[in-house]
>>> print(open('my_file.txt').read())   # compact mmCIF, C-alpha atoms and all ligand atoms
# COMPACT_ATOMS: atom_id res chain seq x y z
CA MET A 1 55.15 114.79 218.56
CA VAL A 2 53.74 113.86 215.15
CA ASP A 3 54.79 116.20 212.32
CA GLN A 4 52.02 118.26 210.73
CA ILE A 5 51.66 118.01 206.94
CA GLU A 6 53.02 121.59 206.69
CA ASP A 7 56.29 120.37 208.25
CA LYS A 8 56.42 117.12 206.30
CA VAL A 9 56.29 118.85 202.91
CA SER A 10 59.44 120.79 203.79
CA LYS A 11 61.46 117.58 203.73
CA ALA A 12 62.78 115.96 200.58
CA HIS A 13 62.04 112.55 202.09
CA PHE A 14 58.26 113.25 201.89
CA TRP A 15 58.49 113.87 198.13
CA ASP A 16 60.92 111.01 197.48
CA GLN A 17 58.37 108.73 199.10
CA LYS A 18 55.64 110.07 196.79
CA TYR A 19 57.79 109.45 193.70
CA ARG A 20 58.79 106.02 194.97
CA SER A 21 55.18 104.93 195.60
CA GLY A 22 53.82 106.54 192.43
CA GLU A 23 51.49 108.87 194.38
CA THR A 24 52.15 111.63 191.87
CA SER A 25 48.66 112.77 190.91
CA TRP A 26 50.07 116.18 189.87
CA ASP A 27 52.30 114.63 187.24
CA LEU A 28 51.21 115.25 183.63
CA ASN A 29 53.64 112.71 182.19
CA GLY A 30 54.69 115.33 179.66
CA PRO A 31 55.15 119.08 179.22
CA THR A 32 52.47 121.57 180.27
CA PRO A 33 50.85 123.03 177.10
CA ALA A 34 50.22 126.47 178.68
CA ILE A 35 53.91 126.78 179.61
CA SER A 36 55.25 125.62 176.24
CA ASN A 37 52.94 128.09 174.51
CA TRP A 38 53.99 130.96 176.77
CA ILE A 39 57.68 130.28 176.13
CA ASP A 40 57.10 130.46 172.36
CA GLN A 41 57.10 134.28 172.49
CA PHE A 42 60.83 134.46 173.31
CA THR A 43 62.98 134.36 170.20
CA SER A 44 66.34 135.11 171.86
CA GLU A 45 68.05 132.79 174.34
CA LYS A 46 67.00 133.25 177.99
CA LYS A 47 68.35 131.86 181.22
CA ILE A 48 65.39 130.19 182.86
CA CYS A 49 64.86 128.52 186.23
CA LEU A 50 62.05 126.16 187.17
CA LEU A 51 61.40 125.71 190.90
CA GLY A 52 60.16 122.35 192.16
CA ALA A 53 60.58 121.07 188.62
CA GLY A 54 59.67 117.43 189.38
CA ASN A 55 60.31 114.95 186.59
CA GLY A 56 61.52 117.75 184.33
CA TYR A 57 59.12 117.56 181.39
CA ASP A 58 58.74 121.34 181.24
CA ALA A 59 62.46 121.91 181.75
CA VAL A 60 63.32 119.64 178.82
CA GLU A 61 60.60 121.11 176.64
CA ILE A 62 61.84 124.66 177.30
CA SER A 63 65.40 123.63 176.44
CA LYS A 64 64.07 122.55 173.03
CA HIS A 65 63.15 126.21 172.47
CA GLY A 66 66.86 127.08 172.70
CA HIS A 67 67.03 128.43 176.25
CA GLN A 68 69.48 127.68 179.07
CA VAL A 69 67.38 125.80 181.59
CA TYR A 70 68.05 125.22 185.29
CA ALA A 71 65.66 122.98 187.17
CA VAL A 72 65.56 122.91 190.97
CA ASP A 73 64.18 120.07 193.06
CA PHE A 74 65.22 118.61 196.40
CA SER A 75 63.92 115.12 195.62
CA GLU A 76 66.78 112.91 194.45
CA ILE A 77 64.27 110.70 192.65
CA ALA A 78 62.77 113.65 190.75
CA ILE A 79 66.25 114.83 189.74
CA SER A 80 67.25 111.34 188.64
CA ASN A 81 64.03 111.02 186.57
CA MET A 82 64.70 114.45 185.08
CA LYS A 83 68.21 113.45 184.02
CA ASN A 84 66.87 110.29 182.37
CA TYR A 85 64.11 112.20 180.60
CA ALA A 86 66.62 114.76 179.31
CA ARG A 87 68.93 111.97 178.12
CA ILE A 88 66.08 110.23 176.25
CA HIS A 89 65.18 113.52 174.58
CA LYS A 90 68.85 114.32 173.90
CA ARG A 91 68.55 117.67 175.65
CA SER A 92 70.79 119.39 178.12
CA VAL A 93 69.30 120.92 181.25
CA HIS A 94 71.05 121.89 184.49
CA PRO A 95 69.42 119.93 187.31
CA ILE A 96 69.97 121.53 190.73
CA LEU A 97 69.46 119.15 193.65
CA SER A 98 68.69 121.66 196.38
CA ASP A 99 66.05 122.91 198.73
CA LEU A 100 64.85 126.00 196.90
CA PHE A 101 65.01 127.92 200.16
CA ASP A 102 68.74 127.19 200.36
CA LEU A 103 69.76 127.98 196.79
CA PRO A 104 73.42 129.04 196.82
CA GLU A 105 74.35 132.69 196.36
CA GLU A 106 75.82 131.93 192.94
CA TYR A 107 72.22 132.04 191.67
CA ASN A 108 71.57 135.57 192.94
CA GLU A 109 70.29 137.75 190.07
CA CYS A 110 71.09 134.89 187.71
CA PHE A 111 67.88 134.35 185.71
CA ASP A 112 65.85 136.23 183.10
CA ILE A 113 62.80 134.11 183.85
CA VAL A 114 61.59 131.93 186.73
CA ILE A 115 58.77 129.48 186.11
CA GLU A 116 56.42 128.36 188.84
CA TYR A 117 54.00 125.49 188.45
CA THR A 118 52.64 123.39 191.32
CA CYS A 119 55.54 124.17 193.62
CA PHE A 120 54.05 127.21 195.39
CA CYS A 121 51.08 125.00 196.38
CA ALA A 122 53.42 122.22 197.51
CA ILE A 123 55.46 124.14 200.08
CA ASN A 124 54.36 124.96 203.61
CA PRO A 125 51.89 127.86 203.15
CA GLY A 126 53.60 129.58 206.07
CA ARG A 127 56.71 129.92 203.87
CA ARG A 128 55.13 131.68 200.88
CA LYS A 129 56.71 135.03 201.66
CA GLU A 130 60.10 133.32 201.83
CA TYR A 131 59.34 131.67 198.47
CA ARG A 132 58.58 135.07 196.94
CA ASP A 133 61.87 136.40 198.33
CA VAL A 134 63.81 133.50 196.78
CA VAL A 135 62.26 134.21 193.38
CA CYS A 136 63.15 137.88 193.79
CA ARG A 137 66.72 137.01 194.82
CA ILE A 138 67.46 134.76 191.85
CA LEU A 139 65.85 136.95 189.16
CA LYS A 140 67.86 139.63 187.39
CA PRO A 141 66.47 143.15 187.81
CA GLY A 142 63.49 143.40 185.46
CA GLY A 143 63.27 139.59 185.27
CA ILE A 144 59.95 137.83 184.90
CA LEU A 145 58.20 135.32 187.11
CA MET A 146 55.73 133.30 185.09
CA ALA A 147 53.49 131.54 187.57
CA LEU A 148 50.65 129.26 186.71
CA PHE A 149 49.00 129.51 190.12
CA PHE A 150 47.03 126.39 191.07
CA PRO A 151 44.69 125.39 192.76
CA ILE A 152 42.93 128.72 193.10
CA ASN A 153 39.53 127.22 193.98
CA LYS A 154 40.70 125.04 196.85
CA PRO A 155 39.79 126.45 200.27
CA LEU A 156 42.85 127.47 202.28
CA SER A 157 41.43 125.61 205.27
CA ASP A 158 41.66 122.25 203.43
CA ASP A 159 44.68 120.05 203.97
CA GLY A 160 47.42 119.88 201.35
CA THR A 161 49.09 118.93 199.30
CA PRO A 162 48.31 120.80 197.16
CA PHE A 163 47.53 123.65 199.54
CA GLY A 164 44.93 126.11 198.23
CA VAL A 165 46.13 129.35 196.62
CA ASP A 166 44.07 132.51 197.14
CA LEU A 167 44.85 134.39 193.93
CA ALA A 168 44.17 137.94 195.19
CA GLN A 169 46.18 137.35 198.36
CA THR A 170 49.04 135.78 196.39
CA ILE A 171 49.22 138.59 193.87
CA SER A 172 49.25 141.13 196.72
CA LEU A 173 52.12 139.23 198.31
CA PHE A 174 54.16 139.35 195.09
CA GLU A 175 53.21 142.96 194.33
CA GLU A 176 55.32 144.07 197.31
CA LYS A 177 58.34 143.27 195.10
CA PHE A 178 56.94 142.69 191.60
CA LEU A 179 54.80 144.48 189.07
CA LEU A 180 51.83 142.47 187.82
CA LYS A 181 52.09 142.49 184.01
CA SER A 182 49.20 140.17 183.20
CA LYS A 183 46.88 137.51 184.54
CA GLN A 184 44.65 135.29 182.49
CA TYR A 185 43.08 131.87 182.28
CA SER A 186 45.09 130.01 179.68
CA PRO A 187 43.01 128.39 176.92
CA LEU A 188 45.60 125.60 177.06
CA THR A 189 44.99 124.65 180.69
CA ILE A 190 44.50 120.90 180.89
CA GLN A 191 40.85 119.87 181.20
CA PRO A 192 40.75 118.81 184.90
CA ARG A 193 42.33 122.13 185.96
CA VAL A 194 40.16 124.48 183.87
CA GLY A 195 39.06 127.42 186.04
CA ASN A 196 41.41 126.29 188.82
CA GLU A 197 44.65 127.89 187.60
CA VAL A 198 45.66 131.32 186.33
CA LEU A 199 48.70 132.29 184.33
CA THR A 200 50.34 135.39 185.77
CA GLU A 201 53.37 137.38 184.66
CA LEU A 202 55.12 139.36 187.38
CA GLN A 203 58.13 141.55 186.76
CA LYS A 204 60.77 142.12 189.42
CA VAL A 205 61.00 145.85 190.15
C1 LIG B 301 53.60 118.81 193.26
S1 LIG B 301 55.21 118.48 192.69
C2 LIG B 301 55.23 119.35 191.14
C3 LIG B 301 56.35 118.97 190.23
C4 LIG B 301 56.33 119.69 188.88
N1 LIG B 301 56.32 121.12 189.04
C5 LIG B 301 55.15 119.25 188.07
O1 LIG B 301 54.23 120.07 187.80
O2 LIG B 301 55.11 118.06 187.68
C6 LIG B 301 56.18 119.52 193.74
C7 LIG B 301 57.66 119.37 193.52
O3 LIG B 301 58.35 120.37 194.26
C8 LIG B 301 59.44 119.78 194.93
N2 LIG B 301 59.67 120.61 196.13
C9 LIG B 301 58.81 120.84 197.15
N3 LIG B 301 59.36 121.64 198.07
C10 LIG B 301 60.61 121.94 197.62
C11 LIG B 301 61.67 122.71 198.13
N4 LIG B 301 61.58 123.34 199.32
N5 LIG B 301 62.82 122.79 197.42
C12 LIG B 301 62.94 122.13 196.22
N6 LIG B 301 61.95 121.37 195.69
C13 LIG B 301 60.80 121.27 196.37
C14 LIG B 301 59.03 118.35 195.22
O4 LIG B 301 60.12 117.49 195.41
C15 LIG B 301 58.22 118.02 193.98
O5 LIG B 301 59.03 117.47 192.97
>>> encode(input="my_file.txt", output="structure tokens")
Amino acid sequence: MVDQIEDKVSKAHFWDQKYRSGETSWDLNGPTPAISNWIDQFTSEKKICLLGAGNGYDAVEISKHGHQVYAVDFSEIAISNMKNYARIHKRSVHPILSDLFDLPEEYNECFDIVIEYTCFCAINPGRRKEYRDVVCRILKPGGILMALFFPINKPLSDDGTPFGVDLAQTISLFEEKFLLKSKQYSPLTIQPRVGNEVLTELQKV
């Protein structure tokens, strides 16, 4: 039987192939302005995890703000690119080569902040509750999930990736375990994504 796209995206091989062939239309080739700006508010050192961190531009940028940064991806190519990017920028990040759904227990209640950008829309939509539970598991009590949810205008019935994200439905899903602190369109969203992503802050309760 031929694998459905929902099954394919759950395998690292699918993403390695994308990186290998350069089919990386999501890739900004640099840090995400809305994320860098959001991080600016924290003056003391935080332990931060990025899920599905890709080539690591945001991870490296956040490390420049003086935080301890852990970046999870199950694509060996993404992790290798991330290490190179960090080396070029003379920064230290902790790359974690792992399926986010299988993160070891040593990361339980480990992080002050988890950052989500274009990973939630990349996983099998049938696993979104599991994703929420992973974020909850790895955050310290009172920890913050900063999620730039994208693409909020794409119909859920359309094929991924990215898979569409219904904002109201997604916030309801997280509100079972998190308190919504804020949601806003960021003025720093990149032009092609204006109106199609929302920056949300959710606190683990
Ligand atoms: C659309 S890309 C986004 C990468 C990065 N966030 C960015 O904005 O450039 C999705 C990334 O999530 C990773 N990914 C998807 N499912 C994953 C999983 N279950 N565990 C770990 N990484 C995953 C892929 O390998 C890929 O690097």
>>> atom_distance(input="my_file.txt", atom1="atom CA of Asn196 of chain A", atom2="atom CA of Phe149 of chain A")
8.3 Å
>>> residues_around(input="my_file.txt", residues="Leu51 of chain A", least_positions_apart="6", cutoff="10 Å", atoms="only C-alpha atoms", output="NGL selection string")
:A and (59 or 70-74 or 96 or 98-100 or 114-120 or 131 or 135)
>>> write_last_selection(input="my_file.txt", atoms="C-alpha atoms", output="JSON list (two decimals), in the frame of the given file")
[["chain", "number", "residue", "atom", "x", "y", "z"],
["A", 59, "ALA", "CA", 62.46, 121.91, 181.75],
["A", 70, "TYR", "CA", 68.05, 125.22, 185.29],
["A", 71, "ALA", "CA", 65.66, 122.98, 187.17],
["A", 72, "VAL", "CA", 65.56, 122.91, 190.97],
["A", 73, "ASP", "CA", 64.18, 120.07, 193.06],
["A", 74, "PHE", "CA", 65.22, 118.61, 196.40],
["A", 96, "ILE", "CA", 69.97, 121.53, 190.73],
["A", 98, "SER", "CA", 68.69, 121.66, 196.38],
["A", 99, "ASP", "CA", 66.05, 122.91, 198.73],
["A", 100, "LEU", "CA", 64.85, 126.00, 196.90],
["A", 114, "VAL", "CA", 61.59, 131.93, 186.73],
["A", 115, "ILE", "CA", 58.77, 129.48, 186.11],
["A", 116, "GLU", "CA", 56.42, 128.36, 188.84],
["A", 117, "TYR", "CA", 54.00, 125.49, 188.45],
["A", 118, "THR", "CA", 52.64, 123.39, 191.32],
["A", 119, "CYS", "CA", 55.54, 124.17, 193.62],
["A", 120, "PHE", "CA", 54.05, 127.21, 195.39],
["A", 131, "TYR", "CA", 59.34, 131.67, 198.47],
["A", 135, "VAL", "CA", 62.26, 134.21, 193.38]]
>>> residues_around(input="my_file.txt", residues="segment 183-188 of chain A", least_positions_apart="2", cutoff="7 Å", atoms="only C-alpha atoms", output="PyMOL selection string")
chain A and resi 33-34+190+197-201
>>> residues_near_ligand(input="my_file.txt", ligand="ligand LIG 301 (chain B)", cutoff="9 Å", atoms="all atoms listed in the file", output="MDAnalysis selection string")
chainID A and resid 9:16 18:19 24:32 50:58 72:79 96:103 116:124 131 161:162
>>> write_last_selection(input="my_file.txt", atoms="C-alpha atoms", output="CSV table (one decimal), keeping the file's coordinate frame")
chain,number,residue,atom,x,y,z
A,9,VAL,CA,56.3,118.8,202.9
A,10,SER,CA,59.4,120.8,203.8
A,11,LYS,CA,61.5,117.6,203.7
A,12,ALA,CA,62.8,116.0,200.6
A,13,HIS,CA,62.0,112.6,202.1
A,14,PHE,CA,58.3,113.2,201.9
A,15,TRP,CA,58.5,113.9,198.1
A,16,ASP,CA,60.9,111.0,197.5
A,18,LYS,CA,55.6,110.1,196.8
A,19,TYR,CA,57.8,109.4,193.7
A,24,THR,CA,52.2,111.6,191.9
A,25,SER,CA,48.7,112.8,190.9
A,26,TRP,CA,50.1,116.2,189.9
A,27,ASP,CA,52.3,114.6,187.2
A,28,LEU,CA,51.2,115.2,183.6
A,29,ASN,CA,53.6,112.7,182.2
A,30,GLY,CA,54.7,115.3,179.7
A,31,PRO,CA,55.2,119.1,179.2
A,32,THR,CA,52.5,121.6,180.3
A,50,LEU,CA,62.0,126.2,187.2
A,51,LEU,CA,61.4,125.7,190.9
A,52,GLY,CA,60.2,122.4,192.2
A,53,ALA,CA,60.6,121.1,188.6
A,54,GLY,CA,59.7,117.4,189.4
A,55,ASN,CA,60.3,115.0,186.6
A,56,GLY,CA,61.5,117.8,184.3
A,57,TYR,CA,59.1,117.6,181.4
A,58,ASP,CA,58.7,121.3,181.2
A,72,VAL,CA,65.6,122.9,191.0
A,73,ASP,CA,64.2,120.1,193.1
A,74,PHE,CA,65.2,118.6,196.4
A,75,SER,CA,63.9,115.1,195.6
A,76,GLU,CA,66.8,112.9,194.4
A,77,ILE,CA,64.3,110.7,192.6
A,78,ALA,CA,62.8,113.6,190.8
A,79,ILE,CA,66.2,114.8,189.7
A,96,ILE,CA,70.0,121.5,190.7
A,97,LEU,CA,69.5,119.2,193.6
A,98,SER,CA,68.7,121.7,196.4
A,99,ASP,CA,66.0,122.9,198.7
A,100,LEU,CA,64.8,126.0,196.9
A,101,PHE,CA,65.0,127.9,200.2
A,102,ASP,CA,68.7,127.2,200.4
A,103,LEU,CA,69.8,128.0,196.8
A,116,GLU,CA,56.4,128.4,188.8
A,117,TYR,CA,54.0,125.5,188.4
A,118,THR,CA,52.6,123.4,191.3
A,119,CYS,CA,55.5,124.2,193.6
A,120,PHE,CA,54.0,127.2,195.4
A,121,CYS,CA,51.1,125.0,196.4
A,122,ALA,CA,53.4,122.2,197.5
A,123,ILE,CA,55.5,124.1,200.1
A,124,ASN,CA,54.4,125.0,203.6
A,131,TYR,CA,59.3,131.7,198.5
A,161,THR,CA,49.1,118.9,199.3
A,162,PRO,CA,48.3,120.8,197.2
>>> residues_around(input="my_file.txt", residues="Asn108 of chain A", least_positions_apart="3", cutoff="9 Å", atoms="only C-alpha atoms", output="PyMOL selection string")
chain A and resi 103-105+111+134+136-140
>>> build_atoms(input="my_file.txt", residues="segment 35-54 of chain A", atoms="N, CA, C and O atoms", output="compact mmCIF listing (two decimals), in the coordinates of the input")
# COMPACT_ATOMS: atom_id res chain seq x y z
N ILE A 35 52.54 126.29 179.41
CA ILE A 35 53.91 126.78 179.61
C ILE A 35 54.67 126.78 178.29
O ILE A 35 55.33 127.76 177.92
N SER A 36 54.56 125.70 177.54
CA SER A 36 55.25 125.62 176.24
C SER A 36 54.79 126.76 175.33
O SER A 36 55.59 127.40 174.66
N ASN A 37 53.50 127.02 175.35
CA ASN A 37 52.94 128.09 174.51
C ASN A 37 53.45 129.46 174.95
O ASN A 37 53.80 130.30 174.13
N TRP A 38 53.53 129.66 176.25
CA TRP A 38 53.99 130.96 176.77
C TRP A 38 55.45 131.22 176.38
O TRP A 38 55.82 132.32 176.02
N ILE A 39 56.25 130.16 176.42
CA ILE A 39 57.68 130.28 176.13
C ILE A 39 57.92 130.62 174.65
O ILE A 39 58.92 131.24 174.30
N ASP A 40 56.98 130.23 173.81
CA ASP A 40 57.10 130.46 172.36
C ASP A 40 57.39 131.91 171.97
O ASP A 40 57.95 132.18 170.92
N GLN A 41 56.96 132.85 172.83
CA GLN A 41 57.10 134.28 172.49
C GLN A 41 58.55 134.75 172.51
O GLN A 41 58.86 135.81 171.97
N PHE A 42 59.45 133.99 173.16
CA PHE A 42 60.83 134.46 173.31
C PHE A 42 61.70 133.91 172.18
O PHE A 42 61.91 132.70 172.09
N THR A 43 62.21 134.82 171.36
CA THR A 43 62.98 134.36 170.20
C THR A 43 64.48 134.35 170.51
O THR A 43 65.23 133.64 169.85
N SER A 44 64.92 135.15 171.51
CA SER A 44 66.34 135.11 171.86
C SER A 44 66.53 134.23 173.10
O SER A 44 65.59 134.02 173.87
N GLU A 45 67.78 133.74 173.25
CA GLU A 45 68.05 132.79 174.34
C GLU A 45 67.90 133.44 175.72
O GLU A 45 68.41 134.53 175.96
N LYS A 46 67.19 132.77 176.61
CA LYS A 46 67.00 133.25 177.99
C LYS A 46 67.57 132.22 178.96
O LYS A 46 67.66 131.03 178.65
N LYS A 47 67.91 132.75 180.13
CA LYS A 47 68.35 131.86 181.22
C LYS A 47 67.15 131.68 182.14
O LYS A 47 66.65 132.67 182.71
N ILE A 48 66.69 130.45 182.23
CA ILE A 48 65.39 130.19 182.86
C ILE A 48 65.54 129.19 184.00
O ILE A 48 66.26 128.19 183.87
N CYS A 49 64.84 129.44 185.09
CA CYS A 49 64.86 128.52 186.23
C CYS A 49 63.46 128.04 186.55
O CYS A 49 62.52 128.84 186.62
N LEU A 50 63.32 126.72 186.73
CA LEU A 50 62.05 126.16 187.17
C LEU A 50 62.23 125.69 188.61
O LEU A 50 63.20 124.98 188.91
N LEU A 51 61.32 126.10 189.48
CA LEU A 51 61.40 125.71 190.90
C LEU A 51 60.48 124.52 191.16
O LEU A 51 59.34 124.51 190.69
N GLY A 52 60.97 123.54 191.90
CA GLY A 52 60.16 122.35 192.16
C GLY A 52 59.77 121.70 190.85
O GLY A 52 58.61 121.42 190.57
N ALA A 53 60.79 121.43 190.03
CA ALA A 53 60.58 121.07 188.62
C ALA A 53 60.16 119.61 188.42
O ALA A 53 59.85 119.21 187.30
N GLY A 54 60.16 118.81 189.48
CA GLY A 54 59.67 117.43 189.38
C GLY A 54 60.43 116.60 188.36
O GLY A 54 61.66 116.66 188.26
